[in-house]
$ cat start33.txt   # compact mmCIF, C-alpha atoms
# COMPACT_ATOMS: atom_id res chain seq x y z
CA MET K 27 51.28 5.65 49.13
CA ALA K 28 51.02 9.24 47.97
CA GLY K 29 49.87 7.67 44.72
CA SER K 30 46.39 6.79 45.91
CA GLN K 31 45.92 10.32 47.26
CA ARG K 32 46.75 11.72 43.87
CA VAL K 33 44.32 9.35 42.14
CA TYR K 34 41.52 10.43 44.45
CA LYS K 35 42.26 14.10 43.87
CA GLN K 36 42.06 13.54 40.12
CA ARG K 37 38.74 11.74 40.41
CA ILE K 38 37.30 14.48 42.57
CA LYS K 39 38.32 17.09 40.04
CA SER K 40 36.88 15.27 37.04
CA THR K 41 33.64 14.46 38.85
CA GLN K 42 33.29 18.06 39.89
CA SER K 43 33.68 19.31 36.35
CA LEU K 44 31.20 16.71 35.09
CA GLY K 45 28.79 17.86 37.77
CA LYS K 46 29.11 21.41 36.49
CA MET K 47 28.23 20.26 32.99
CA PHE K 48 25.22 18.33 34.25
CA ARG K 49 24.03 21.33 36.18
CA ALA K 50 24.36 23.54 33.10
CA GLN K 51 22.33 21.04 31.04
CA GLU K 52 19.71 20.90 33.76
CA LEU K 53 19.34 24.68 33.79
CA ILE K 54 19.19 24.85 30.00
CA ALA K 55 16.48 22.19 29.87
CA ALA K 56 14.54 23.90 32.66
CA SER K 57 14.56 27.22 30.88
CA ARG K 58 13.50 25.65 27.59
CA ILE K 59 10.57 23.74 29.03
CA GLY K 60 8.71 26.96 29.67
CA LYS K 61 9.27 28.01 26.08
CA ALA K 62 8.18 24.63 24.74
CA ARG K 63 4.98 24.69 26.75
CA ALA K 64 4.25 28.24 25.67
CA ARG K 65 4.58 27.09 22.07
CA THR K 66 2.22 24.21 22.70
CA SER K 67 -0.40 26.58 24.04
CA ALA K 68 0.25 29.07 21.23
CA ALA K 69 -0.47 26.36 18.67
CA SER K 70 -3.65 25.20 20.36
CA PRO K 71 -6.06 27.86 18.96
CA TYR K 72 -5.17 26.67 15.48
CA ALA K 73 -5.66 23.03 16.38
CA ARG K 74 -8.97 23.84 18.02
CA ALA K 75 -10.22 25.86 15.03
CA ILE K 76 -9.25 23.08 12.64
CA THR K 77 -10.90 20.41 14.76
CA GLN K 78 -14.10 22.41 15.00
CA ALA K 79 -14.18 22.98 11.28
CA VAL K 80 -13.53 19.32 10.52
CA SER K 81 -16.28 18.17 12.83
CA ALA K 82 -18.60 20.78 11.33
CA VAL K 83 -18.01 19.26 7.92
CA ALA K 84 -18.32 15.76 9.30
CA THR K 85 -21.67 16.53 10.95
CA HIS K 86 -23.19 18.72 8.28
CA SER K 87 -22.33 16.91 5.12
CA THR K 88 -22.13 13.35 3.96
CA THR K 89 -19.01 13.77 1.93
CA THR K 90 -16.37 11.12 2.29
CA HIS K 91 -12.73 11.66 1.65
CA PRO K 92 -9.85 9.32 0.84
CA LEU K 93 -8.17 10.33 4.10
CA THR K 94 -11.06 9.08 6.21
CA ASN K 95 -11.44 5.81 4.36
CA MET K 96 -10.01 2.64 5.74
CA GLN K 97 -7.99 1.10 3.00
CA GLY K 98 -8.60 -2.29 4.46
CA ASP K 99 -6.82 -4.43 1.96
CA SER K 100 -3.49 -2.69 2.32
CA LYS K 101 -0.78 -4.83 3.78
CA ARG K 102 1.43 -1.91 4.71
CA ALA K 103 1.32 0.28 7.78
CA ALA K 104 3.46 3.32 8.43
CA VAL K 105 4.89 4.04 11.86
CA LEU K 106 6.28 7.46 12.71
CA VAL K 107 8.61 7.54 15.70
CA ILE K 108 9.20 10.87 17.39
CA ALA K 109 12.33 10.69 19.53
CA SER K 110 15.00 13.16 20.53
CA ASP K 111 18.08 14.38 18.71
CA ARG K 112 20.34 14.08 21.73
CA GLY K 113 20.71 11.77 24.65
CA MET K 114 21.17 12.99 28.21
CA ALA K 115 17.48 12.56 28.80
CA GLY K 116 17.43 9.41 30.86
CA ALA K 117 15.15 6.72 29.52
CA TYR K 118 13.31 9.09 27.17
CA SER K 119 14.58 7.70 23.88
CA ALA K 120 14.85 4.15 25.15
CA SER K 121 11.23 4.03 26.22
CA ILE K 122 9.95 5.55 23.00
CA ILE K 123 11.96 3.01 21.01
CA ARG K 124 10.70 0.18 23.18
CA GLU K 125 7.13 1.32 22.54
CA THR K 126 7.86 1.46 18.82
CA GLU K 127 9.18 -2.08 18.82
CA LYS K 128 5.97 -3.17 20.53
CA VAL K 129 3.86 -1.49 17.87
CA ILE K 130 5.96 -3.00 15.11
CA ALA K 131 5.60 -6.44 16.67
CA ARG K 132 1.83 -6.01 16.95
CA LEU K 133 1.45 -4.84 13.36
CA THR K 134 3.68 -7.64 12.10
CA ALA K 135 1.60 -10.14 14.03
CA GLU K 136 -1.45 -8.77 12.23
CA GLY K 137 0.27 -9.64 8.99
CA LYS K 138 1.20 -6.11 8.01
CA GLU K 139 4.40 -4.87 6.57
CA VAL K 140 5.75 -1.97 8.61
CA VAL K 141 7.16 1.10 6.93
CA LEU K 142 9.22 3.14 9.35
CA TYR K 143 9.56 6.89 9.54
CA ALA K 144 11.71 8.44 12.23
CA SER K 145 12.18 11.90 13.62
CA GLY K 146 15.08 12.60 15.94
CA ARG K 147 18.67 11.43 15.58
CA ARG K 148 18.38 8.89 18.39
CA ALA K 149 15.68 6.88 16.66
CA ILE K 150 17.40 7.20 13.29
CA GLY K 151 20.67 5.96 14.75
CA TYR K 152 18.96 3.07 16.51
CA PHE K 153 17.23 1.77 13.40
CA GLN K 154 20.08 2.41 11.00
CA PHE K 155 22.57 0.68 13.27
CA ARG K 156 20.34 -2.40 13.18
CA GLY K 157 20.10 -2.24 9.43
CA ARG K 158 16.38 -1.50 9.44
CA GLU K 159 15.22 0.53 6.53
CA LEU K 160 13.77 3.98 7.17
CA ALA K 161 11.37 5.31 4.57
CA GLY K 162 11.96 8.83 5.78
CA HIS K 163 13.79 10.58 8.56
CA TRP K 164 14.05 14.08 9.96
CA ALA K 165 16.60 15.32 12.44
CA GLU K 166 16.35 18.99 13.00
CA GLY K 167 15.72 20.46 16.38
CA SER K 168 13.69 17.88 18.25
CA ASP K 169 13.54 20.21 21.26
CA SER K 170 12.06 23.11 19.30
CA PRO K 171 10.18 21.75 16.29
CA SER K 172 9.09 24.24 13.66
CA SER K 173 5.81 24.17 11.82
CA SER K 174 7.72 23.78 8.56
CA THR K 175 9.18 20.49 9.81
CA ALA K 176 5.67 19.38 10.70
CA LYS K 177 4.56 20.36 7.20
CA GLU K 178 7.37 18.34 5.65
CA ILE K 179 6.62 15.29 7.74
CA SER K 180 2.88 15.42 7.18
CA SER K 181 3.15 15.94 3.43
CA THR K 182 5.54 12.98 3.13
CA LEU K 183 3.21 10.80 5.15
CA LEU K 184 0.07 11.96 3.33
CA ASP K 185 1.73 11.24 -0.01
CA ALA K 186 2.57 7.75 1.19
CA PHE K 187 -0.98 7.26 2.41
CA LEU K 188 -2.65 8.46 -0.77
CA LEU K 189 -0.38 6.41 -3.03
CA PRO K 190 -2.14 3.35 -4.45
CA ASP K 191 -1.40 0.10 -2.72
CA ASP K 192 0.53 -1.49 -5.56
CA GLU K 193 2.88 1.50 -5.79
CA GLY K 194 3.99 1.21 -2.21
CA GLY K 195 1.25 3.17 -0.50
CA VAL K 196 0.45 2.54 3.14
CA GLY K 197 -2.96 1.72 4.58
CA GLU K 198 -2.61 3.30 7.97
CA LEU K 199 -0.35 5.55 9.95
CA HIS K 200 0.58 5.22 13.59
CA VAL K 201 2.49 7.86 15.49
CA VAL K 202 4.59 6.99 18.52
CA TYR K 203 5.37 10.02 20.64
CA THR K 204 5.71 10.98 24.27
CA GLN K 205 2.75 12.57 25.94
CA PHE K 206 3.55 15.37 28.34
CA VAL K 207 1.39 14.70 31.37
CA ASN K 208 3.24 16.98 33.76
CA MET K 209 6.79 17.80 34.74
CA VAL K 210 7.26 14.44 36.42
CA THR K 211 5.31 12.11 34.18
CA GLN K 212 5.78 11.67 30.46
CA ARG K 213 4.16 8.70 28.85
CA PRO K 214 4.99 7.06 25.53
CA ARG K 215 1.84 6.94 23.48
CA VAL K 216 0.70 5.45 20.21
CA VAL K 217 -2.02 7.09 18.16
CA ARG K 218 -3.48 6.04 14.87
CA MET K 219 -3.37 9.16 12.77
CA LEU K 220 -4.66 7.85 9.46
CA PRO K 221 -7.25 7.00 8.36
CA LEU K 222 -8.71 9.88 10.28
CA GLU K 223 -11.03 9.42 13.16
CA ILE K 224 -12.49 12.61 14.47
CA VAL K 225 -13.25 12.19 18.11
CA GLU K 226 -12.81 15.55 19.76
CA GLY K 227 -14.80 18.70 19.22
CA VAL K 228 -18.45 19.15 18.39
CA ALA K 229 -20.71 16.30 19.36
CA ALA K 230 -23.09 14.95 16.76
CA PRO K 231 -26.34 16.94 16.89
CA GLU K 232 -29.44 15.19 18.08
CA GLU K 233 -32.16 14.29 15.64
CA SER K 234 -34.55 16.92 16.93
CA ASP K 235 -32.06 19.76 16.61
CA VAL K 236 -32.41 21.90 13.58
CA LEU K 237 -29.12 21.74 11.78
CA PRO K 238 -27.72 25.09 10.85
CA LEU K 239 -27.30 24.86 7.14
CA TYR K 240 -23.66 25.25 6.36
CA ASP K 241 -22.56 26.85 3.16
CA PHE K 242 -19.46 25.26 1.79
CA GLU K 243 -17.40 27.33 -0.57
CA PRO K 244 -16.64 26.24 -3.20
CA SER K 245 -17.95 22.73 -2.38
CA PRO K 246 -17.91 20.31 0.54
CA GLU K 247 -15.33 18.17 -1.26
CA ALA K 248 -13.02 21.09 -1.86
CA VAL K 249 -13.36 22.24 1.73
CA LEU K 250 -12.50 18.77 3.01
CA ASP K 251 -9.62 18.58 0.59
CA ALA K 252 -8.20 21.75 2.07
CA LEU K 253 -9.07 20.92 5.65
CA LEU K 254 -7.93 17.37 6.21
CA PRO K 255 -4.26 17.73 5.26
CA ARG K 256 -4.11 20.78 7.51
CA TYR K 257 -5.75 18.80 10.26
CA VAL K 258 -3.16 16.05 9.95
CA ARG K 259 -0.39 18.60 9.91
CA SER K 260 -1.66 20.31 13.02
CA ARG K 261 -2.00 16.95 14.79
CA ILE K 262 1.57 16.03 13.87
CA PHE K 263 2.80 19.45 14.92
CA ALA K 264 1.02 19.02 18.25
CA CYS K 265 2.72 15.62 18.69
CA LEU K 266 6.11 17.14 17.90
CA LEU K 267 5.58 19.97 20.37
CA GLU K 268 4.45 17.65 23.10
CA ALA K 269 7.38 15.33 22.46
CA ALA K 270 9.71 18.33 22.70
CA ALA K 271 8.29 19.36 26.06
CA SER K 272 8.56 15.76 27.28
CA GLU K 273 12.13 15.50 26.08
CA LEU K 274 13.13 18.63 27.93
CA ALA K 275 11.36 17.54 31.10
CA ALA K 276 13.03 14.12 30.91
CA ARG K 277 16.39 15.79 30.34
CA GLN K 278 15.93 18.12 33.25
CA ARG K 279 15.10 15.23 35.54
CA ALA K 280 17.94 13.04 34.28
CA MET K 281 20.44 15.86 34.66
CA HIS K 282 19.17 16.65 38.13
CA THR K 283 19.80 13.03 39.15
CA ALA K 284 23.22 13.18 37.52
CA VAL K 285 24.13 16.28 39.51
CA ASP K 286 23.05 14.54 42.72
CA ASN K 287 25.09 11.47 41.84
CA ALA K 288 28.13 13.58 41.05
CA ASP K 289 27.84 15.30 44.42
CA ASP K 290 27.63 11.91 46.14
CA LEU K 291 30.70 10.68 44.30
CA VAL K 292 32.67 13.79 45.22
CA ARG K 293 31.74 13.33 48.87
CA ASN K 294 32.79 9.68 48.75
CA TYR K 295 36.09 10.39 47.05
CA THR K 296 36.84 13.20 49.47
CA ARG K 297 36.41 10.77 52.37
CA LEU K 298 38.63 8.21 50.71
CA ALA K 299 41.23 10.88 49.95
CA ASN K 300 41.22 12.00 53.59
CA GLN K 301 41.58 8.42 54.72
CA ALA K 302 44.50 7.90 52.37
CA ARG K 303 46.17 11.09 53.63
CA GLN K 304 45.68 10.00 57.23
CA ALA K 305 47.12 6.59 56.44
CA ASP K 306 50.12 8.22 54.80
CA ILE K 307 50.77 10.42 57.82
CA THR K 308 50.39 7.51 60.25
CA GLN K 309 52.77 5.42 58.26
CA GLU K 310 55.32 8.23 58.06
CA ILE K 311 55.19 8.76 61.82
CA SER K 312 55.59 5.10 62.57
CA GLU K 313 58.51 4.95 60.14
CA ILE K 314 60.22 7.90 61.84
CA VAL K 315 59.56 6.51 65.31
CA SER K 316 60.84 3.07 64.45
CA GLY K 317 63.86 4.64 62.76
CA ALA K 318 64.62 6.67 65.90
CA ASP K 319 64.16 3.54 68.02
CA ALA K 320 66.60 1.67 65.87
CA LEU K 321 69.21 4.44 66.25
CA ALA K 322 68.70 4.71 70.04
CA SER K 323 69.18 1.04 70.80
CA MET P 25 -26.16 45.92 16.20
CA ALA P 26 -24.62 42.61 16.93
CA HIS P 27 -20.94 42.25 16.42
CA LEU P 28 -18.83 39.48 15.06
CA ASN P 29 -16.36 37.70 17.28
CA VAL P 30 -13.28 37.30 15.18
CA ASP P 31 -10.28 35.07 15.75
CA VAL P 32 -7.39 34.98 13.33
CA VAL P 33 -5.05 32.08 13.97
CA ALA P 34 -1.91 30.82 12.27
CA THR P 35 -0.26 27.43 12.67
CA ASP P 36 1.83 28.42 15.64
CA ARG P 37 0.07 31.38 17.20
CA LYS P 38 -3.03 33.52 17.53
CA ILE P 39 -2.74 36.59 15.34
CA TRP P 40 -5.70 38.74 16.21
CA SER P 41 -8.90 38.45 18.13
CA GLY P 42 -11.65 40.87 18.98
CA GLU P 43 -15.01 42.22 17.96
CA ALA P 44 -15.58 43.41 14.46
CA ARG P 45 -18.29 44.89 12.30
CA GLN P 46 -17.14 43.41 9.07
CA VAL P 47 -14.66 40.87 7.80
CA SER P 48 -13.74 40.47 4.19
CA ALA P 49 -11.68 37.55 3.07
CA PRO P 50 -10.37 36.13 -0.21
CA ALA P 51 -12.44 32.97 -0.66
CA ALA P 52 -11.57 30.45 -3.33
CA ASP P 53 -14.06 31.77 -5.87
CA GLY P 54 -14.15 35.43 -5.01
CA GLU P 55 -13.93 37.95 -2.22
CA ILE P 56 -16.55 37.42 0.50
CA GLY P 57 -17.72 39.98 2.99
CA ILE P 58 -19.17 38.88 6.31
CA LEU P 59 -21.45 40.96 8.50
CA ALA P 60 -23.12 40.02 11.76
CA GLY P 61 -25.87 37.47 11.27
CA HIS P 62 -24.20 35.73 8.36
CA SER P 63 -25.34 32.19 7.74
CA PRO P 64 -22.94 29.41 8.76
CA LEU P 65 -20.15 29.16 6.24
CA LEU P 66 -16.99 27.21 5.71
CA ALA P 67 -14.87 28.47 2.86
CA VAL P 68 -11.44 27.79 1.52
CA LEU P 69 -9.21 30.82 1.18
CA ARG P 70 -6.80 31.56 -1.60
CA PRO P 71 -3.78 33.82 -1.11
CA GLY P 72 -4.95 37.40 -0.82
CA ALA P 73 -5.85 40.26 1.45
CA LEU P 74 -7.89 39.89 4.63
CA ARG P 75 -9.63 42.98 5.95
CA ILE P 76 -11.21 43.32 9.37
CA THR P 77 -13.19 46.37 10.40
CA PRO P 78 -13.17 46.27 14.21
CA ALA P 79 -16.04 47.55 16.34
CA ASP P 80 -13.84 50.50 17.16
CA GLY P 81 -10.44 51.45 15.91
CA VAL P 82 -8.72 51.26 12.59
CA VAL P 83 -9.11 48.65 9.90
CA VAL P 84 -6.77 45.71 10.23
CA ARG P 85 -5.33 44.50 6.97
CA ALA P 86 -3.43 41.28 6.59
CA THR P 87 -2.11 39.11 3.84
CA VAL P 88 -2.94 35.43 4.07
CA SER P 89 -1.36 32.65 2.06
CA GLY P 90 -4.27 30.25 2.01
CA GLY P 91 -6.30 28.59 4.70
CA PHE P 92 -9.99 28.67 5.46
CA ILE P 93 -12.63 30.74 7.18
CA SER P 94 -15.50 29.48 9.25
CA VAL P 95 -18.56 31.43 10.32
CA ASP P 96 -21.03 30.10 12.83
CA ASP P 97 -23.38 32.16 14.96
CA ASN P 98 -21.40 35.39 14.63
CA GLN P 99 -18.21 33.57 15.54
CA VAL P 100 -15.72 34.04 12.74
CA THR P 101 -12.52 32.04 12.67
CA VAL P 102 -9.90 32.67 10.05
CA VAL P 103 -7.37 29.87 9.94
CA ALA P 104 -4.40 30.75 7.83
CA ASP P 105 -1.17 28.99 6.98
CA ASP P 106 0.75 32.21 7.07
CA VAL P 107 -0.42 35.69 7.97
CA GLU P 108 1.26 39.03 7.63
CA VAL P 109 -0.49 41.82 9.46
CA GLU P 110 -0.06 45.40 8.35
CA ARG P 111 -1.63 47.76 10.78
CA ASP P 112 -2.39 51.31 9.75
CA GLY P 113 -2.64 52.77 13.20
CA SER P 114 -1.08 51.90 16.50
CA GLY P 115 -1.60 48.60 18.25
CA ALA P 116 -5.31 49.32 18.68
CA GLY P 117 -7.51 46.34 18.13
CA THR P 118 -5.42 43.56 19.59
CA SER P 119 -7.24 41.41 22.07
CA GLN P 120 -10.10 43.65 22.88
CA ARG P 121 -11.86 41.01 24.85
$ encode --input "start33.txt" --output "structure tokens"
Amino acid sequence: MAGSQRVYKQRIKSTQSLGKMFRAQELIAASRIGKARARTSAASPYARAITQAVSAVATHSTTTHPLTNMQGDSKRAAVLVIASDRGMAGAYSASIIRETEKVIARLTAEGKEVVLYASGRRAIGYFQFRGRELAGHWAEGSDSPSSSTAKEISSTLLDAFLLPDDEGGVGELHVVYTQFVNMVTQRPRVVRMLPLEIVEGVAAPEESDVLPLYDFEPSPEAVLDALLPRYVRSRIFACLLEAAASELAARQRAMHTAVDNADDLVRNYTRLANQARQADITQEISEIVSGADALAS
Amino acid sequence: MAHLNVDVVATDRKIWSGEARQVSAPAADGEIGILAGHSPLLAVLRPGALRITPADGVVVRATVSGGFISVDDNQVTVVADDVEVERDGSGAGTSQR
């Protein structure tokens, strides 16, 4: 009977050490969230400046650009999934992948061929394991994305978008990422990145307003050419940063729950171990007593 | 005299912001100088030197690697891919607002 006591002791020990690991992960995630959010706010002046400039061009000139044009006849649509590199974040990756599958199903129902791009090892692993082809994948530091990664991703996607249809170009680009609402809520979200739709920023001036005449150097086309890729890059960077903050928040919450569960398990096993010890002692006593009785009679 | 409100931003952070008398930037077809009251402008930058003369304090020089500059109603925004600031004096001029 001493066997069951030993088993319980072992379980308590292993659960305790797991609990320590969970707690460490929780603390790491908690300390990184602050950093991730600081980076999001550090990148926002750039995003704001770009958006303002783009809407200035959009309102003050009639130039069109390939990036804003709907290439309606294209049968291909690109989907960029932004997931995490590691697990231990609860349902974070699962929900982003579920959302992606929904988007893919919707686009397929519309008769489009889906070209997949993935960022984050979790998404890459998921799609590669199922034998789905990935047109491009990136897996470097999903919890602290760099602007060079964003540049790489956006230039790959822009190249794919600007490629003619018959050479494998895509007609639209959707990005699936997790929106950081607050520490408790992170929501998977799908945005159509390309062709561009400028919604935020300066409102269109009213007819009566006198438009300030903008000088474009060297020309409106050249300015748009320089602006729009940067705009896309900053949008993708913003998505990556927000996804990183969401991932860390999800990890912190998941690890917190895991720590709680580990504590519960330890408490349970301790009770069972005590019970087993008590049972052992009781049995030993009754064995001794009955042995003594047998000798006495 | 009116001053310019200048913001210099890079992809991942704000580099410099404050009031300035003059900004000169390397536009795509030649150096441009901007004083208060400049007409609205949106120009592409090529790699080169950016010079800001603040309302008070020493001239801020920086090297940009491309980007663009926008001027609207004395609000100047320099958006650069990569900026390297070389300051002649001490930290004077950062965030004067």
$ interface_residues --input "start33.txt" --of "chain P" --to "chain K" --cutoff "9 Å" --atoms "all atoms listed in the file" --output "mmCIF file with C-alpha atoms, in the frame of the given file"
data_model
loop_
_atom_site.group_PDB
_atom_site.id
_atom_site.type_symbol
_atom_site.label_atom_id
_atom_site.label_comp_id
_atom_site.auth_asym_id
_atom_site.auth_seq_id
_atom_site.Cartn_x
_atom_site.Cartn_y
_atom_site.Cartn_z
ATOM 1 C CA ASP P 31 -10.280 35.070 15.750
ATOM 2 C CA VAL P 32 -7.390 34.980 13.330
ATOM 3 C CA VAL P 33 -5.050 32.080 13.970
ATOM 4 C CA ALA P 34 -1.910 30.820 12.270
ATOM 5 C CA THR P 35 -0.260 27.430 12.670
ATOM 6 C CA ASP P 36 1.830 28.420 15.640
ATOM 7 C CA ARG P 37 0.070 31.380 17.200
ATOM 8 C CA LYS P 38 -3.030 33.520 17.530
ATOM 9 C CA ALA P 51 -12.440 32.970 -0.660
ATOM 10 C CA ALA P 52 -11.570 30.450 -3.330
ATOM 11 C CA ASP P 53 -14.060 31.770 -5.870
ATOM 12 C CA SER P 63 -25.340 32.190 7.740
ATOM 13 C CA PRO P 64 -22.940 29.410 8.760
ATOM 14 C CA LEU P 65 -20.150 29.160 6.240
ATOM 15 C CA LEU P 66 -16.990 27.210 5.710
ATOM 16 C CA ALA P 67 -14.870 28.470 2.860
ATOM 17 C CA VAL P 68 -11.440 27.790 1.520
ATOM 18 C CA GLY P 91 -6.300 28.590 4.700
ATOM 19 C CA PHE P 92 -9.990 28.670 5.460
ATOM 20 C CA ILE P 93 -12.630 30.740 7.180
ATOM 21 C CA SER P 94 -15.500 29.480 9.250
ATOM 22 C CA VAL P 95 -18.560 31.430 10.320
ATOM 23 C CA ASP P 96 -21.030 30.100 12.830
ATOM 24 C CA THR P 101 -12.520 32.040 12.670
ATOM 25 C CA VAL P 102 -9.900 32.670 10.050
ATOM 26 C CA VAL P 103 -7.370 29.870 9.940
ATOM 27 C CA ALA P 104 -4.400 30.750 7.830
ATOM 28 C CA ASP P 105 -1.170 28.990 6.980
#
$ residues_near_point --input "start33.txt" --point "(-6.5, 40.2, 5.5)" --cutoff "9 Å" --atoms "all atoms listed in the file" --output "MDAnalysis selection string"
chainID P and resid 47:50 72:76 84:88 107:110
$ write_last_selection --input "start33.txt" --atoms "C-alpha atoms" --output "short mmCIF file (atom, residue, chain, number, x, y, z; two decimals), in the coordinates of the input"
data_model
loop_
_atom_site.label_atom_id
_atom_site.label_comp_id
_atom_site.auth_asym_id
_atom_site.auth_seq_id
_atom_site.Cartn_x
_atom_site.Cartn_y
_atom_site.Cartn_z
CA VAL P 47 -14.66 40.87 7.80
CA SER P 48 -13.74 40.47 4.19
CA ALA P 49 -11.68 37.55 3.07
CA PRO P 50 -10.37 36.13 -0.21
CA GLY P 72 -4.95 37.40 -0.82
CA ALA P 73 -5.85 40.26 1.45
CA LEU P 74 -7.89 39.89 4.63
CA ARG P 75 -9.63 42.98 5.95
CA ILE P 76 -11.21 43.32 9.37
CA VAL P 84 -6.77 45.71 10.23
CA ARG P 85 -5.33 44.50 6.97
CA ALA P 86 -3.43 41.28 6.59
CA THR P 87 -2.11 39.11 3.84
CA VAL P 88 -2.94 35.43 4.07
CA VAL P 107 -0.42 35.69 7.97
CA GLU P 108 1.26 39.03 7.63
CA VAL P 109 -0.49 41.82 9.46
CA GLU P 110 -0.06 45.40 8.35
#
$ atom_distance --input "start33.txt" --atom1 "atom CA of Ala135 of chain K" --atom2 "atom CA of Gly151 of chain K"
25.0 Å
$ residues_near_point --input "start33.txt" --point "(-24.6, 43.3, 13.6)" --cutoff "10 Å" --atoms "all atoms listed in the file" --output "ChimeraX atom specification"
/P:25-28,44-46,59-62,79,98
$ atom_distance --input "start33.txt" --atom1 "atom CA of Ala318 of chain K" --atom2 "atom CA of Gln31 of chain K"
26.7 Å
$ residues_around --input "start33.txt" --residues "Ala117 of chain K" --least-positions-apart "3" --cutoff "10 Å" --atoms "all atoms listed in the file" --output "list in words"
Gly113, Met114, Ala120, Ser121, Ile122, Ile123, Glu273, Ala276, Arg277 and Ala280 of chain K
$ residues_around --input "start33.txt" --residues "Asp306 of chain K" --least-positions-apart "5" --cutoff "12 Å" --atoms "only C-alpha atoms" --output "PyMOL selection string"
chain K and resi 27-32+299-301+311-313
$ axis_aligned_box --input "start33.txt" --around "segment 154-173 of chain K" --padding-each-side "3 Å" --output "lines of an AutoDock Vina configuration file"
center_x = 14.2
center_y = 10.9
center_z = 12.9
size_x = 22.8
size_y = 32.6
size_z = 22.7
$ atom_distance --input "start33.txt" --atom1 "atom CA of Leu298 of chain K" --atom2 "atom CA of Thr41 of chain K"
14.3 Å
$ build_atoms --input "start33.txt" --residues "segment 32-43 of chain K" --atoms "N, CA and C atoms" --output "tab-separated table (two decimals), in the coordinates of the input"
chain	number	residue	atom	x	y	z
K	32	ARG	N	46.78	10.97	45.11
K	32	ARG	CA	46.75	11.72	43.87
K	32	ARG	C	45.59	11.24	42.99
K	33	VAL	N	45.41	9.91	42.95
K	33	VAL	CA	44.32	9.35	42.14
K	33	VAL	C	42.98	9.90	42.61
K	34	TYR	N	42.80	9.92	43.94
K	34	TYR	CA	41.52	10.43	44.45
K	34	TYR	C	41.31	11.89	44.09
K	35	LYS	N	42.37	12.67	44.21
K	35	LYS	CA	42.26	14.10	43.87
K	35	LYS	C	41.81	14.27	42.42
K	36	GLN	N	42.43	13.44	41.53
K	36	GLN	CA	42.06	13.54	40.12
K	36	GLN	C	40.59	13.21	39.92
K	37	ARG	N	40.14	12.15	40.59
K	37	ARG	CA	38.74	11.74	40.41
K	37	ARG	C	37.80	12.82	40.90
K	38	ILE	N	38.16	13.42	42.04
K	38	ILE	CA	37.30	14.48	42.57
K	38	ILE	C	37.18	15.60	41.56
K	39	LYS	N	38.33	15.98	41.00
K	39	LYS	CA	38.32	17.09	40.04
K	39	LYS	C	37.45	16.78	38.85
K	40	SER	N	37.64	15.57	38.27
K	40	SER	CA	36.88	15.27	37.04
K	40	SER	C	35.40	15.15	37.35
K	41	THR	N	35.07	14.57	38.51
K	41	THR	CA	33.64	14.46	38.85
K	41	THR	C	33.03	15.82	39.05
K	42	GLN	N	33.82	16.72	39.67
K	42	GLN	CA	33.29	18.06	39.89
K	42	GLN	C	33.00	18.76	38.57
K	43	SER	N	33.93	18.59	37.60
K	43	SER	CA	33.68	19.31	36.35
K	43	SER	C	32.52	18.68	35.59
